[in-house]
Amino acid sequence: MKLYLVPTPIGNLDDITLRSLKVLQSVDAILAEDTRTTGQLLKHLGIQKPLMAHHSHNEHASAGGVVKMIQSGKTLALVSDAGTPGISDPGFLLVRECLKNGLDVECLPGATAFVPALVNSGLPTDRFTFEGFLPQKKGRQTRIKSLVEEERTMVFYESPHRIVKTLEQLAEAFGPERQASISRELTKVFEETVRGTLTELIQHYTQNADRVKGEFVLIVAGLEK
C-alpha cells in the first residue's frame, strides 16, 4: 500500500517510461487531474483502471479520503494532465498528507517540461531557480522585483495570452537586453524554441501572434556580476 507519483508525457506519447506503464497497470486506482485527459491516455496505452478526480479545486477535500484508501491497503497512482505531478500541478498537499500519516510515497522519474527547455536554452544550467507561474494579479510585481538581483538562471511557465505581457514586465525590471529563451509545444510536431534578448522575444511574439499557442516555458538569464 503506497502512493505512486507517475509522470505522463507532455506531448509525445512515446515518452511514457516502461516503469510508468508497469505501475499504472498494477495500481488499484489512478488519481487524475482531469479524468477525461487521463482516460484518453490510458485508452491509448491499453490500460483499464478506476479513475478518481484529484485537482486544484478538490485536493484539500480529497486528500483525507485518499489517505484512508491507502491505509485500507490500496495502492494508488497520482498523475497530472502532463508531466510530473507536483510541478505546477496538484501533488504537494497529497504527498504531505501521506507522509504525515506514515504512508509510503514514491515518485517515478519522467517527463517534465522545464528540463528540456532549460537544457535547450543555451543559458547556464549549473544553478537555476524554478519560479513556475507568476501570480496573475496580487503579488506579481513584488515577485518580479524580488528576482531583479537573481544570479541564477530563472525558469517560468506562462500561458499564451499572457506571454507578451510577461516579457514586457521582465524587460522593464531586468533590462531589455537580458538574454532569454522560450520553448513551446515541447515534444510535439510543432515544437519551437526561440532565443534572444527579452526585446527580441517581445518583437517575435508580437509579430507572430498566430504562433502564440501551446504551453510556454520561459528561461531567463540571471544577473551577471
# chains A, B, ... in the order shown; residues from 1 in each chain; ligands from 1
$ residues_around --residues "Val212 (chain A)" --least-positions-apart "6" --cutoff "10 Å" --atoms "only C-alpha atoms" --output "count of residues only"
10
$ residues_around --residues "Val148 (chain A)" --least-positions-apart "6" --cutoff "9 Å" --atoms "only C-alpha atoms" --output "PyMOL selection string"
chain A and resi 170+173-174+222-223
$ closest_residue --among "A:Ile10, A:Ile219, A:Leu108, A:Ile16" --to "Met154 (chain A)" --atoms "only C-alpha atoms"
A:Ile219
$ atom_distance --atom1 "CA of Leu99 (chain A)" --atom2 "CA of Met69 (chain A)"
14.3 Å
$ residues_around --residues "Ile182 (chain A)" --least-positions-apart "6" --cutoff "6 Å" --atoms "only C-alpha atoms" --output "PyMOL selection string"
chain A and resi 193-194+217-218
$ select_by_dssp --residues "region 14-177 of chain A" --states "alpha helix (DSSP H)" --output "MDAnalysis selection string"
chainID A and resid 18:26 35:45 59:71 92:100 114:120 140:146 163:174
$ write_last_selection --atoms "C-alpha atoms" --output "compact mmCIF listing (two decimals), in the first residue's frame"
# COMPACT_ATOMS: atom_id res chain seq x y z
CA LEU A 18 8.31 1.33 -19.19
CA ARG A 19 8.26 1.64 -15.41
CA SER A 20 5.37 4.10 -15.52
CA LEU A 21 3.43 1.64 -17.66
CA LYS A 22 4.04 -1.16 -15.17
CA VAL A 23 2.95 0.97 -12.22
CA LEU A 24 -0.22 2.22 -13.94
CA GLN A 25 -1.08 -1.38 -14.80
CA SER A 26 -0.52 -2.57 -11.24
CA THR A 35 -10.19 12.14 -15.73
CA ARG A 36 -11.08 12.76 -19.39
CA THR A 37 -7.49 13.56 -20.36
CA THR A 38 -6.09 10.64 -18.38
CA GLY A 39 -8.82 8.39 -19.73
CA GLN A 40 -7.66 9.10 -23.27
CA LEU A 41 -4.06 8.35 -22.33
CA LEU A 42 -5.00 5.08 -20.65
CA LYS A 43 -7.05 4.06 -23.67
CA HIS A 44 -4.03 4.70 -25.90
CA LEU A 45 -1.87 2.61 -23.56
CA GLU A 59 -7.31 18.42 -3.40
CA HIS A 60 -7.80 19.79 0.11
CA ALA A 61 -11.06 17.89 0.50
CA SER A 62 -9.98 14.67 -1.21
CA ALA A 63 -6.57 14.18 0.43
CA GLY A 64 -8.06 12.71 3.59
CA GLY A 65 -10.10 10.17 1.66
CA VAL A 66 -7.06 9.15 -0.39
CA VAL A 67 -5.06 8.61 2.80
CA LYS A 68 -7.82 6.35 4.18
CA MET A 69 -7.85 4.31 0.95
CA ILE A 70 -4.11 3.71 1.17
CA GLN A 71 -4.38 2.87 4.89
CA PHE A 92 2.29 18.58 -2.88
CA LEU A 93 -0.68 18.60 -0.49
CA LEU A 94 -1.39 14.91 -1.01
CA VAL A 95 2.25 13.91 -0.61
CA ARG A 96 2.49 15.93 2.62
CA GLU A 97 -0.67 14.32 3.98
CA CYS A 98 0.53 10.82 3.14
CA LEU A 99 3.92 11.40 4.75
CA LYS A 100 2.25 12.93 7.81
CA PHE A 114 11.14 22.74 -17.82
CA VAL A 115 14.11 20.35 -18.04
CA PRO A 116 14.36 20.11 -21.87
CA ALA A 117 13.53 23.83 -22.17
CA LEU A 118 16.32 24.73 -19.73
CA VAL A 119 18.93 22.45 -21.28
CA ASN A 120 17.98 23.58 -24.80
CA ARG A 140 3.03 39.78 -9.38
CA GLN A 141 5.18 42.92 -9.36
CA THR A 142 6.54 42.06 -5.92
CA ARG A 143 7.67 38.66 -7.17
CA ILE A 144 9.32 40.15 -10.25
CA LYS A 145 11.11 42.79 -8.18
CA SER A 146 12.41 40.11 -5.83
CA ILE A 163 3.39 35.69 -22.61
CA VAL A 164 3.95 39.08 -24.28
CA LYS A 165 2.83 40.98 -21.16
CA THR A 166 5.17 38.89 -19.02
CA LEU A 167 8.10 39.50 -21.36
CA GLU A 168 7.40 43.25 -21.25
CA GLN A 169 7.28 43.25 -17.44
CA LEU A 170 10.50 41.28 -17.18
CA ALA A 171 12.21 43.56 -19.72
CA GLU A 172 11.21 46.57 -17.65
CA ALA A 173 12.57 45.01 -14.46
CA PHE A 174 15.65 43.17 -15.77
$ residues_around --residues "Arg127 (chain A)" --least-positions-apart "4" --cutoff "9 Å" --atoms "only C-alpha atoms" --output "MDAnalysis selection string"
chainID A and resid 151:153
$ write_last_selection --atoms "C-alpha atoms" --output "PDB file, in the first residue's frame"
ATOM      1  CA  GLU A 151      22.091  35.478 -10.447  1.00  0.00           C
ATOM      2  CA  ARG A 152      20.791  32.003 -11.242  1.00  0.00           C
ATOM      3  CA  THR A 153      19.008  31.143 -14.482  1.00  0.00           C
TER       4      THR A 153
END
